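Data from entry.tsv: TSV, C-alpha atoms and all ligand atoms
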```tsv
chain	number	residue	atom	x	y	z
J	1	MET	CA	16.31	-9.99	-18.24
J	2	ASP	CA	13.88	-12.17	-20.18
J	3	LEU	CA	12.24	-15.20	-18.79
J	4	GLU	CA	14.31	-17.47	-20.98
J	5	SER	CA	17.63	-16.37	-19.57
J	6	ALA	CA	16.12	-16.36	-16.11
J	7	VAL	CA	15.88	-20.10	-15.97
J	8	ASN	CA	18.88	-22.21	-16.67
J	9	ALA	CA	19.78	-22.47	-20.32
J	10	GLU	CA	19.24	-26.22	-20.77
J	11	ASP	CA	15.55	-26.16	-19.95
J	12	ALA	CA	14.79	-22.65	-21.15
J	13	VAL	CA	11.68	-22.60	-23.30
J	14	GLY	CA	9.86	-19.53	-24.59
J	15	LEU	CA	7.03	-18.19	-22.45
J	16	GLU	CA	4.75	-19.00	-25.41
J	17	ASN	CA	5.30	-22.59	-24.36
J	18	ALA	CA	2.76	-23.11	-21.62
J	19	ALA	CA	5.11	-25.44	-19.77
J	20	HIS	CA	7.55	-22.66	-19.17
J	21	PRO	CA	5.55	-20.14	-17.12
J	22	ALA	CA	4.18	-23.10	-15.23
J	23	GLU	CA	7.71	-24.09	-14.34
J	24	VAL	CA	8.64	-20.57	-13.28
J	25	ALA	CA	5.44	-20.32	-11.28
J	26	ALA	CA	6.18	-23.63	-9.60
J	27	ARG	CA	9.66	-22.47	-8.66
J	28	LEU	CA	8.21	-19.24	-7.29
J	29	GLY	CA	5.39	-21.07	-5.55
J	30	VAL	CA	2.73	-18.83	-7.16
J	31	PRO	CA	-0.19	-19.36	-9.59
J	32	VAL	CA	0.84	-19.52	-13.23
J	33	GLU	CA	-1.61	-16.75	-14.24
J	34	GLU	CA	0.35	-14.37	-12.02
J	35	VAL	CA	3.59	-15.10	-13.87
J	36	GLU	CA	1.83	-14.67	-17.21
J	37	ARG	CA	0.35	-11.36	-16.06
J	38	VAL	CA	3.77	-9.96	-15.13
J	39	HIS	CA	5.22	-11.18	-18.41
J	40	GLU	CA	2.39	-9.60	-20.42
J	41	LEU	CA	2.36	-6.25	-18.60
J	42	ALA	CA	6.11	-5.82	-18.34
J	43	GLY	CA	7.10	-7.34	-21.70
J	44	ASP	CA	10.49	-5.93	-22.66
J	45	LEU	CA	9.83	-2.54	-21.09
J	46	PRO	CA	12.73	-0.83	-19.32
J	47	SER	CA	13.48	-1.68	-15.72
J	48	ALA	CA	15.46	0.59	-13.36
J	49	PRO	CA	18.58	-0.18	-11.33
J	50	LEU	CA	18.61	-0.41	-7.57
J	51	PRO	CA	20.49	2.33	-5.77
J	52	ALA	CA	24.15	1.57	-5.03
J	53	LYS	CA	24.33	-0.70	-2.00
J	54	ALA	CA	26.60	1.82	-0.26
J	55	ASP	CA	23.87	4.48	-0.53
J	56	ALA	CA	21.10	2.17	0.64
J	57	PRO	CA	21.39	2.69	4.43
J	58	ALA	CA	20.94	6.45	4.04
J	59	ILE	CA	17.97	5.96	1.70
J	60	LEU	CA	16.33	3.44	4.04
J	61	ASP	CA	16.78	5.97	6.81
J	62	ARG	CA	15.03	8.69	4.79
J	63	LEU	CA	12.25	6.21	4.06
J	64	GLN	CA	11.91	5.68	7.81
J	65	VAL	CA	12.46	1.95	7.51
J	66	PRO	CA	12.67	0.47	11.03
J	67	ALA	CA	16.09	-0.86	12.05
J	68	ASP	CA	15.07	-4.55	12.02
J	69	ASP	CA	13.76	-4.28	8.49
J	70	ALA	CA	16.71	-2.19	7.28
J	71	ALA	CA	19.10	-4.87	8.59
J	72	GLU	CA	17.18	-7.58	6.72
J	73	ILE	CA	17.02	-5.54	3.53
J	74	MET	CA	20.78	-4.98	3.58
J	75	ALA	CA	21.44	-8.66	4.35
J	76	GLY	CA	19.24	-9.81	1.47
J	77	TRP	CA	20.54	-7.26	-1.05
J	78	PRO	CA	20.39	-8.62	-4.63
J	79	ASP	CA	24.13	-8.51	-5.31
J	80	ALA	CA	25.06	-10.13	-8.60
J	81	ASP	CA	26.61	-13.10	-6.80
J	82	SER	CA	24.07	-13.43	-3.99
J	83	PRO	CA	23.05	-17.08	-3.55
J	84	LEU	CA	19.73	-15.88	-2.07
J	85	TRP	CA	18.56	-14.74	-5.50
J	86	THR	CA	17.50	-17.52	-7.84
J	87	PRO	CA	17.13	-16.71	-11.55
J	88	GLU	CA	13.31	-16.66	-11.21
J	89	LEU	CA	13.48	-14.17	-8.34
J	90	ARG	CA	15.86	-11.96	-10.34
J	91	TRP	CA	13.50	-12.15	-13.30
J	92	LEU	CA	10.52	-11.24	-11.14
J	93	LEU	CA	12.31	-8.32	-9.48
J	94	ASP	CA	13.44	-6.90	-12.79
J	95	ARG	CA	10.03	-7.29	-14.50
J	96	THR	CA	8.12	-6.00	-11.49
J	97	ILE	CA	10.12	-2.80	-11.57
J	98	ALA	CA	9.41	-2.50	-15.31
J	99	LEU	CA	5.69	-3.19	-14.76
J	100	VAL	CA	5.30	-0.44	-12.19
J	101	ARG	CA	7.57	1.97	-14.05
J	102	ALA	CA	5.49	1.55	-17.21
J	103	ASP	CA	2.57	3.09	-15.33
J	104	LEU	CA	4.51	6.09	-13.98
J	105	GLY	CA	1.99	8.87	-13.37
J	106	GLY	CA	-0.83	6.34	-12.96
J	107	SER	CA	-3.04	6.44	-9.90
J	108	GLY	CA	-5.03	3.20	-10.03
J	109	TRP	CA	-4.64	0.11	-7.90
J	110	LEU	CA	-1.72	-1.88	-9.34
J	111	PRO	CA	-0.54	-5.15	-7.80
J	112	PRO	CA	3.13	-5.33	-8.84
J	113	GLY	CA	3.24	-9.12	-8.99
J	114	PRO	CA	2.27	-12.30	-7.21
J	115	GLU	CA	2.13	-12.66	-3.47
J	116	LEU	CA	5.28	-14.61	-2.61
J	117	PRO	CA	5.86	-17.29	0.04
J	118	ARG	CA	7.87	-14.86	2.14
J	119	GLU	CA	8.99	-17.39	4.73
J	120	ARG	CA	11.42	-18.83	2.15
J	121	GLY	CA	14.06	-16.20	2.84
J	122	LEU	CA	15.05	-12.56	2.67
J	123	ALA	CA	14.90	-12.27	-1.12
J	124	TRP	CA	11.35	-13.64	-1.08
J	125	ARG	CA	10.40	-11.55	1.92
J	126	HIS	CA	11.56	-8.22	0.58
J	127	LEU	CA	11.44	-8.57	-3.22
J	128	TYR	CA	8.82	-5.82	-3.56
J	129	VAL	CA	10.80	-3.59	-1.21
J	130	TYR	CA	13.80	-3.83	-3.56
J	131	ALA	CA	11.48	-2.97	-6.44
J	132	TYR	CA	10.28	0.08	-4.52
J	133	LEU	CA	13.87	1.13	-3.83
J	134	ALA	CA	14.69	0.91	-7.54
J	135	LEU	CA	11.72	3.17	-8.27
J	136	VAL	CA	12.66	5.89	-5.77
J	137	ASP	CA	14.89	7.69	-8.27
J	138	VAL	CA	12.32	7.27	-11.03
J	139	VAL	CA	9.47	8.76	-9.03
J	140	MET	CA	11.64	11.52	-7.54
J	141	GLU	CA	12.36	12.66	-11.09
J	142	TYR	CA	8.62	12.59	-11.85
J	143	HIS	CA	8.03	14.70	-8.72
J	144	ARG	CA	10.75	17.16	-9.77
J	145	ASP	CA	9.16	17.46	-13.22
J	146	HIS	CA	5.97	18.49	-11.44
J	147	GLY	CA	7.76	20.99	-9.21
J	148	ILE	CA	7.06	19.00	-6.05
J	149	SER	CA	9.32	19.74	-3.11
J	150	GLU	CA	11.72	17.14	-1.79
J	151	SER	CA	10.10	17.33	1.62
J	152	VAL	CA	6.74	16.19	0.18
J	153	SER	CA	8.51	13.49	-1.84
J	154	TRP	CA	10.29	12.01	1.17
J	155	ALA	CA	7.26	12.32	3.46
J	156	THR	CA	5.22	10.47	0.82
J	157	LEU	CA	7.77	7.75	0.09
J	158	ALA	CA	8.45	7.14	3.80
J	159	ASP	CA	5.15	5.27	3.91
J	160	LEU	CA	7.37	2.30	3.04
J	161	GLY	CA	8.92	2.38	6.50
J	162	ARG	CA	5.54	2.85	8.17
J	163	ASN	CA	4.09	-0.14	6.33
J	164	LEU	CA	7.06	-2.38	7.05
J	165	GLY	CA	6.53	-1.52	10.72
J	166	VAL	CA	2.83	-2.36	10.50
J	167	ASP	CA	3.57	-5.61	8.69
J	168	ARG	CA	5.98	-6.61	11.44
J	169	ARG	CA	3.29	-5.84	14.03
J	170	MET	CA	0.98	-8.05	11.97
J	171	ASN	CA	3.51	-10.91	11.76
J	172	GLY	CA	3.59	-10.62	7.99
J	173	GLU	CA	-0.19	-10.78	7.54
J	174	GLY	CA	-0.32	-7.23	6.22
J	175	TRP	CA	2.05	-7.37	3.30
J	176	PRO	CA	-0.13	-8.75	0.45
J	177	VAL	CA	-2.19	-5.54	0.47
J	178	MET	CA	0.75	-3.25	1.14
J	179	GLN	CA	2.78	-4.43	-1.85
J	180	ALA	CA	0.04	-3.12	-4.17
J	181	TRP	CA	-0.70	-0.04	-2.05
J	182	LEU	CA	2.91	1.14	-2.23
J	183	THR	CA	2.94	1.21	-6.04
J	184	LEU	CA	0.74	4.32	-5.80
J	185	HIS	CA	3.59	6.17	-4.11
J	186	ALA	CA	6.14	4.76	-6.54
J	187	ARG	CA	4.15	6.04	-9.55
J	188	GLY	CA	3.44	9.58	-8.36
J	189	GLY	CA	-0.22	8.72	-7.80
J	190	LEU	CA	-0.36	9.68	-4.13
J	191	TYR	CA	1.05	12.44	-1.91
J	192	GLU	CA	1.30	12.74	1.84
J	193	LEU	CA	0.41	16.30	2.79
J	194	GLY	CA	0.40	16.63	6.56
J	195	ARG	CA	-2.02	14.24	8.27
J	196	LEU	CA	-3.59	12.72	5.14
J	197	GLN	CA	-2.51	11.02	1.95
J	198	HIS	CA	-4.11	12.35	-1.23
J	199	GLN	CA	-4.58	10.12	-4.26
J	200	ARG	CA	-4.94	11.61	-7.72
J	201	GLY	CA	-8.00	10.48	-9.67
J	202	SER	CA	-10.19	11.82	-12.46
J	203	VAL	CA	-12.14	14.53	-10.63
J	204	GLU	CA	-11.72	13.20	-7.10
J	205	ILE	CA	-8.86	13.51	-4.69
J	206	GLY	CA	-9.03	10.26	-2.75
J	207	LEU	CA	-8.24	10.66	0.94
J	208	HIS	CA	-6.33	8.02	2.90
J	209	ILE	CA	-5.59	8.05	6.61
J	210	PRO	CA	-2.21	6.70	7.60
J	211	ASP	CA	-1.67	5.09	10.98
J	212	ALA	CA	0.00	8.17	12.42
J	213	GLY	CA	-1.64	9.28	15.65
J	214	PRO	CA	-5.01	10.90	16.31
J	215	LEU	CA	-7.08	12.23	13.43
J	216	THR	CA	-7.84	15.62	14.95
J	217	PRO	CA	-10.12	17.98	12.98
J	218	GLU	CA	-7.35	20.61	12.98
J	219	THR	CA	-4.80	18.34	11.32
J	220	VAL	CA	-7.41	17.22	8.79
J	221	ASP	CA	-8.33	20.83	7.96
J	222	ALA	CA	-4.67	21.72	7.50
J	223	SER	CA	-4.08	18.76	5.19
J	224	LEU	CA	-7.16	19.57	3.07
J	225	ASP	CA	-5.98	23.17	2.74
J	226	GLU	CA	-2.57	21.97	1.67
J	227	ALA	CA	-4.16	19.79	-1.01
J	228	ARG	CA	-6.33	22.65	-2.27
J	229	ALA	CA	-3.11	24.54	-3.07
J	230	PHE	CA	-0.96	21.55	-4.06
J	231	PHE	CA	-2.96	20.00	-6.89
J	232	PRO	CA	-3.66	23.15	-8.96
J	233	ARG	CA	0.00	24.10	-8.59
J	234	HIS	CA	1.60	20.76	-9.44
J	235	PHE	CA	-1.07	19.15	-11.64
J	236	PRO	CA	-2.67	22.14	-13.38
J	237	ASP	CA	-4.15	19.92	-16.10
J	238	GLU	CA	-6.19	17.94	-13.61
J	239	ALA	CA	-9.48	19.45	-12.44
J	240	TYR	CA	-10.54	18.23	-9.03
J	241	THR	CA	-14.02	18.96	-7.72
J	242	VAL	CA	-14.42	16.71	-4.68
J	243	PHE	CA	-12.53	14.98	-1.92
J	244	SER	CA	-13.57	11.35	-1.60
J	245	CYS	CA	-12.89	8.52	0.76
J	246	GLY	CA	-13.70	4.83	0.86
J	247	SER	CA	-13.18	3.38	4.30
J	248	TRP	CA	-14.42	1.48	7.30
J	249	LEU	CA	-14.12	4.86	9.07
J	250	LEU	CA	-17.23	6.03	7.18
J	251	ASP	CA	-19.50	3.22	8.39
J	252	PRO	CA	-22.36	5.06	10.18
J	253	GLN	CA	-22.81	2.07	12.50
J	254	LEU	CA	-19.74	3.40	14.35
J	255	LEU	CA	-21.98	6.22	15.60
J	256	GLU	CA	-23.82	3.65	17.74
J	257	TYR	CA	-20.65	3.16	19.76
J	258	LEU	CA	-18.36	6.20	19.58
J	259	PRO	CA	-18.93	9.42	21.55
J	260	ALA	CA	-19.66	12.67	19.71
J	261	SER	CA	-16.20	13.91	20.69
J	262	SER	CA	-14.50	11.13	18.69
J	263	ASN	CA	-12.24	12.13	15.81
J	264	ILE	CA	-13.66	9.35	13.66
J	265	VAL	CA	-17.18	10.70	14.21
J	266	LYS	CA	-16.08	14.23	13.29
J	267	PHE	CA	-14.26	12.94	10.22
J	268	GLN	CA	-17.40	11.07	9.13
J	269	GLN	CA	-19.51	14.20	9.48
J	270	ARG	CA	-17.58	15.91	6.67
J	271	PHE	CA	-18.86	13.45	4.07
J	272	GLU	CA	-22.02	12.88	2.15
J	273	LEU	CA	-22.29	9.10	1.95
J	274	GLU	CA	-22.99	7.39	-1.34
J	275	ALA	CA	-25.59	4.61	-1.48
J	276	TYR	CA	-24.04	1.37	-0.27
J	277	GLU	CA	-22.53	-0.82	-2.93
J	278	GLU	CA	-20.64	-3.93	-2.05
J	279	PRO	CA	-17.02	-3.12	-2.88
J	280	GLU	CA	-15.19	-5.60	-5.05
J	281	GLY	CA	-12.57	-7.61	-3.22
J	282	ILE	CA	-13.03	-5.92	0.15
J	283	ASP	CA	-14.45	-7.68	3.20
J	284	ALA	CA	-15.05	-4.82	5.63
J	285	ASP	CA	-15.04	-7.13	8.68
J	286	VAL	CA	-11.50	-8.16	7.75
J	287	GLU	CA	-10.45	-4.57	7.05
J	288	VAL	CA	-11.77	-3.37	10.41
J	289	ARG	CA	-9.75	-6.09	12.10
J	290	ARG	CA	-6.70	-5.03	10.07
J	291	PHE	CA	-6.92	-1.37	11.12
J	292	VAL	CA	-8.24	-1.77	14.66
J	293	PHE	CA	-6.30	-4.81	15.87
J	294	ARG	CA	-3.55	-5.24	13.27
J	295	ASN	CA	-4.42	-8.90	13.44
J	296	LEU	CA	-6.55	-11.00	11.10
J	297	THR	CA	-6.55	-14.40	12.78
J	298	THR	CA	-6.83	-14.30	16.59
J	299	PRO	CA	-10.29	-15.40	17.80
J	300	LEU	CA	-12.55	-12.48	18.73
J	301	ASP	CA	-12.74	-13.41	22.41
J	302	GLN	CA	-8.95	-13.24	22.69
J	303	LEU	CA	-8.53	-9.78	21.13
J	304	PRO	CA	-7.80	-6.80	23.42
J	305	ARG	CA	-10.77	-4.74	24.66
J	306	ASP	CA	-8.74	-1.73	25.76
J	307	THR	CA	-10.44	1.05	23.76
J	308	VAL	CA	-14.06	1.95	23.10
J	309	LEU	CA	-13.57	1.17	19.42
J	310	ARG	CA	-12.04	-2.25	20.05
J	311	ARG	CA	-14.91	-3.16	22.37
J	312	ALA	CA	-17.38	-1.94	19.74
J	313	VAL	CA	-15.80	-3.99	16.96
J	314	ILE	CA	-15.76	-7.20	19.00
J	315	ASP	CA	-19.30	-6.79	20.38
J	316	HIS	CA	-20.70	-5.90	16.96
J	317	LEU	CA	-19.20	-8.99	15.32
J	318	ASN	CA	-20.14	-11.22	18.26
J	319	ALA	CA	-23.73	-10.04	17.84
J	320	GLY	CA	-23.62	-11.48	14.31
J	321	ARG	CA	-23.55	-8.05	12.69
J	322	HIS	CA	-21.13	-6.85	10.02
J	323	TRP	CA	-19.12	-3.74	9.27
J	324	PHE	CA	-19.41	-1.96	5.95
J	325	TRP	CA	-16.93	-0.24	3.71
J	326	ARG	CA	-18.58	3.07	2.80
J	327	ARG	CA	-17.72	5.75	0.28
J	328	GLY	CA	-18.42	9.43	0.63
J	329	THR	CA	-17.47	12.78	-0.87
J	330	PHE	CA	-17.50	16.48	-0.11
J	331	PRO	CA	-16.78	19.41	-2.40
J	332	ILE	CA	-13.28	20.81	-2.57
X	1	LIG	C1	-8.13	6.79	12.06
X	1	LIG	C2	-7.47	6.87	13.42
X	1	LIG	C3	-6.26	7.75	13.37
X	1	LIG	C4	-8.51	7.44	14.39
X	1	LIG	O1	-7.96	7.47	15.70
X	1	LIG	P1	-8.43	8.57	16.76
X	1	LIG	O2	-8.15	9.94	16.27
X	1	LIG	O3	-7.88	8.17	18.08
X	1	LIG	O4	-10.03	8.28	16.75
X	1	LIG	P2	-11.17	8.62	17.79
X	1	LIG	O5	-10.93	9.92	18.51
X	1	LIG	O6	-12.46	8.51	17.06
X	1	LIG	O7	-11.07	7.41	18.83
X	1	LIG	C5	-12.19	7.05	19.63
X	1	LIG	C6	-11.84	5.84	20.44
X	1	LIG	O8	-11.48	4.73	19.61
X	1	LIG	C7	-10.14	4.33	19.84
X	1	LIG	N1	-9.52	4.04	18.54
X	1	LIG	C8	-9.53	4.81	17.44
X	1	LIG	N2	-8.87	4.22	16.43
X	1	LIG	C9	-8.42	3.06	16.93
X	1	LIG	C10	-7.68	1.99	16.36
X	1	LIG	N3	-7.28	2.02	15.06
X	1	LIG	N4	-7.40	0.93	17.11
X	1	LIG	C11	-7.81	0.87	18.41
X	1	LIG	N5	-8.51	1.83	19.00
X	1	LIG	C12	-8.82	2.93	18.27
X	1	LIG	C13	-9.49	5.50	20.56
X	1	LIG	O9	-8.40	5.07	21.33
X	1	LIG	C14	-10.65	6.00	21.38
X	1	LIG	O10	-10.90	5.08	22.42
X	1	LIG	P3	-10.73	5.46	23.99
X	1	LIG	O11	-11.56	6.69	24.18
X	1	LIG	O12	-11.23	4.24	24.70
X	1	LIG	O13	-9.25	5.68	24.14
X	1	LIG	C15	-7.07	5.46	13.92
X	1	LIG	O14	-8.19	4.62	13.89
X	1	LIG	C16	-5.99	4.82	13.06
X	1	LIG	O15	-4.82	5.12	13.18
X	1	LIG	N6	-6.39	3.88	12.18
X	1	LIG	C17	-5.45	3.19	11.30
X	1	LIG	C18	-5.46	3.78	9.90
X	1	LIG	C19	-6.79	3.62	9.21
X	1	LIG	O16	-7.69	2.97	9.69
X	1	LIG	N7	-6.90	4.24	8.03
X	1	LIG	C20	-8.08	4.14	7.20
X	1	LIG	C21	-7.89	3.02	6.26
X	1	LIG	S1	-9.28	2.79	5.18
```

Could you render the structure from this file as structure tokens?
Amino acid sequence: MDLESAVNAEDAVGLENAAHPAEVAARLGVPVEEVERVHELAGDLPSAPLPAKADAPAILDRLQVPADDAAEIMAGWPDADSPLWTPELRWLLDRTIALVRADLGGSGWLPPGPELPRERGLAWRHLYVYAYLALVDVVMEYHRDHGISESVSWATLADLGRNLGVDRRMNGEGWPVMQAWLTLHARGGLYELGRLQHQRGSVEIGLHIPDAGPLTPETVDASLDEARAFFPRHFPDEAYTVFSCGSWLLDPQLLEYLPASSNIVKFQQRFELEAYEEPEGIDADVEVRRFVFRNLTTPLDQLPRDTVLRRAVIDHLNAGRHWFWRRGTFPI
């Protein structure tokens, strides 16, 4: 669907006309540059259909989508006659799918579109979830072409359910980051192998740690071993030499607070840290709050102090100090 037919025919003007994206942006409640970006990246490239609505409950189940979210997703389904879906939302859904699909096989950070005012309704709230659902078939085919087993595919793609659960715990504060994060999965850029997620890169396999229970050294070892076999087998043209990680978990200041027996400490010890460089667009104090409290707004003195890490984070920030996002590597 092009932008012209997305708005009603009487006031349709080409996107070349600056007034038009501004109007679409106003209706979507987002900055005009974001609409222009989607239009430029997606152009007329092919989209992909959503799964049949009748198949959706089973797919949501495989993607481990929590019941509350699954109910909302079904209720907001973009049926052709759904009054929840305005022409602009339908345009954005269609072009977002095309935008992500165009980068199938890519492994860089890719925001799929503007952050939407999600309180406006179910279509607004879950637009990027519907885009993800449309891409499941596309990425499964990409996985099959690379000989990847269905069990790895579903384990990887089920991060959707995990992130919807986290977002609910965060009262919606988590989603702006997650909508871009999940395009990695939808493009075949990232694989969940046991305890860790592994992101393809140039020579680095980027490690990510999902919120999925303790990070024991044994589960980490097993996941690294799995990756050592997985990438040469399924991506023989890619030559990986190191595992890398960029995370709050690698901030050495944590060693001031955590005991030597801590899994985070043992995880850190695997890496050789790179010299500190301020990461673009990441405020580590905010990220630590995201991962340790799942809350970005409650005042520090009202946050729970029930674990050694939580006490450390609060005391550190109260002392006027900051956390750092550090990067490290170790050879494969
Ligand atoms: C990474 C993670 C699995 C480590 O948990 P773990 O294996 O329990 O870690 P440790 O053994 O080092 O824990 C040491 C202490 O800190 C606590 N702790 C660790 N991670 C915590 C977290 N995210 N929130 C609150 N407390 C945490 C533990 O409960 C323990 O405290 P206690 O002895 O008072 O019970 C956990 O922090 C997590 O799930 N984080 C979310 C995902 C994430 O941060 N990914 C990286 C994104 S860049």

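Of the listed residues J:Val139, J:Ile73, J:Ala155, J:Leu104, the one whose atoms come nearest to His126 of chain J is J:Ile73, with distances taken using all atoms listed in the file.
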
Using all atoms listed in the file, which of the listed residues (J:Phe230, J:Lys53, J:Leu127, J:Gly172) sits closest to Ser149 of chain J?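 The shortest atom-to-atom distance to Ser149 of chain J comes from J:Phe230.
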
So how far away is atom CA of Arg294 of chain J from atom CA of Leu255 of chain J, in Å?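 Separation between atom CA of Leu255 of chain J and atom CA of Arg294 of chain J: 21.8 Å.
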
Within 8 Å of ligand LIG 1 (chain X), counting all atoms listed in the file: which residues, as an MDAnalysis selection string? chainID J and resid 208:216 246:249 258:259 261:266 287:288 291:293 306:310

Give me the residues near Ala80 of chain J as an MDAnalysis selection string, where near means some atom within 12 Å (using only C-alpha atoms) and where sequence neighbours in that chain fewer than 5 positions away do not count. chainID J and resid 50 53 85:87 90

Distance criterion (only C-alpha atoms): nearest to Leu157 of chain J out of J:Gly76, J:Gly320, J:Gly188, J:Gly206: J:Gly188

Shell around Leu133 of chain J at 12 Å using only C-alpha atoms, local window under 4 positions removed, as a PyMOL selection string: chain J and resi 48-53+55-60+62-63+65+70+73-74+77-78+93+96-97+126-129+137-140+157-158+160-161+182-183+185-186

Can you take segment 91-107 of chain J from the block and write N, CA, C and O atoms as an mmCIF file, in the first residue's frame?
```cif
data_model
loop_
_atom_site.group_PDB
_atom_site.id
_atom_site.type_symbol
_atom_site.label_atom_id
_atom_site.label_comp_id
_atom_site.auth_asym_id
_atom_site.auth_seq_id
_atom_site.Cartn_x
_atom_site.Cartn_y
_atom_site.Cartn_z
ATOM 1 N N TRP J 91 -0.802 1.568 6.570
ATOM 2 C CA TRP J 91 0.369 1.905 5.754
ATOM 3 C C TRP J 91 1.659 1.599 6.537
ATOM 4 O O TRP J 91 2.581 0.964 6.021
ATOM 5 N N LEU J 92 1.688 2.040 7.785
ATOM 6 C CA LEU J 92 2.906 1.858 8.581
ATOM 7 C C LEU J 92 3.199 0.370 8.804
ATOM 8 O O LEU J 92 4.348 -0.069 8.701
ATOM 9 N N LEU J 93 2.178 -0.406 9.083
ATOM 10 C CA LEU J 93 2.385 -1.844 9.299
ATOM 11 C C LEU J 93 2.975 -2.484 8.028
ATOM 12 O O LEU J 93 3.988 -3.186 8.080
ATOM 13 N N ASP J 94 2.343 -2.198 6.917
ATOM 14 C CA ASP J 94 2.771 -2.786 5.656
ATOM 15 C C ASP J 94 4.213 -2.381 5.297
ATOM 16 O O ASP J 94 5.037 -3.216 4.911
ATOM 17 N N ARG J 95 4.535 -1.091 5.468
ATOM 18 C CA ARG J 95 5.871 -0.607 5.075
ATOM 19 C C ARG J 95 6.950 -1.012 6.096
ATOM 20 O O ARG J 95 8.117 -1.161 5.743
ATOM 21 N N THR J 96 6.541 -1.189 7.339
ATOM 22 C CA THR J 96 7.486 -1.643 8.348
ATOM 23 C C THR J 96 7.923 -3.087 8.056
ATOM 24 O O THR J 96 9.098 -3.430 8.169
ATOM 25 N N ILE J 97 6.952 -3.891 7.663
ATOM 26 C CA ILE J 97 7.282 -5.276 7.315
ATOM 27 C C ILE J 97 8.257 -5.267 6.128
ATOM 28 O O ILE J 97 9.270 -5.973 6.130
ATOM 29 N N ALA J 98 7.953 -4.425 5.130
ATOM 30 C CA ALA J 98 8.817 -4.355 3.943
ATOM 31 C C ALA J 98 10.217 -3.880 4.317
ATOM 32 O O ALA J 98 11.226 -4.405 3.828
ATOM 33 N N LEU J 99 10.274 -2.895 5.215
ATOM 34 C CA LEU J 99 11.566 -2.316 5.632
ATOM 35 C C LEU J 99 12.453 -3.384 6.289
ATOM 36 O O LEU J 99 13.632 -3.513 5.981
ATOM 37 N N VAL J 100 11.860 -4.149 7.171
ATOM 38 C CA VAL J 100 12.655 -5.168 7.875
ATOM 39 C C VAL J 100 12.981 -6.309 6.909
ATOM 40 O O VAL J 100 14.117 -6.797 6.855
ATOM 41 N N ARG J 101 12.012 -6.694 6.112
ATOM 42 C CA ARG J 101 12.224 -7.792 5.167
ATOM 43 C C ARG J 101 13.353 -7.479 4.181
ATOM 44 O O ARG J 101 14.134 -8.370 3.795
ATOM 45 N N ALA J 102 13.442 -6.217 3.792
ATOM 46 C CA ALA J 102 14.468 -5.813 2.817
ATOM 47 C C ALA J 102 15.867 -6.071 3.361
ATOM 48 O O ALA J 102 16.830 -6.180 2.607
ATOM 49 N N ASP J 103 15.992 -6.149 4.686
ATOM 50 C CA ASP J 103 17.310 -6.381 5.284
ATOM 51 C C ASP J 103 17.429 -7.813 5.820
ATOM 52 O O ASP J 103 18.214 -8.086 6.726
ATOM 53 N N LEU J 104 16.679 -8.729 5.226
ATOM 54 C CA LEU J 104 16.765 -10.137 5.655
ATOM 55 C C LEU J 104 18.224 -10.605 5.560
ATOM 56 O O LEU J 104 18.888 -10.376 4.552
ATOM 57 N N GLY J 105 18.699 -11.247 6.621
ATOM 58 C CA GLY J 105 20.099 -11.661 6.656
ATOM 59 C C GLY J 105 20.992 -10.618 7.306
ATOM 60 O O GLY J 105 22.141 -10.892 7.630
ATOM 61 N N GLY J 106 20.462 -9.410 7.515
ATOM 62 C CA GLY J 106 21.253 -8.353 8.157
ATOM 63 C C GLY J 106 21.363 -8.598 9.655
ATOM 64 O O GLY J 106 20.542 -9.307 10.242
ATOM 65 N N SER J 107 22.383 -8.000 10.265
ATOM 66 C CA SER J 107 22.560 -8.240 11.699
ATOM 67 C C SER J 107 22.887 -6.959 12.452
ATOM 68 O O SER J 107 23.419 -6.999 13.552
#
```
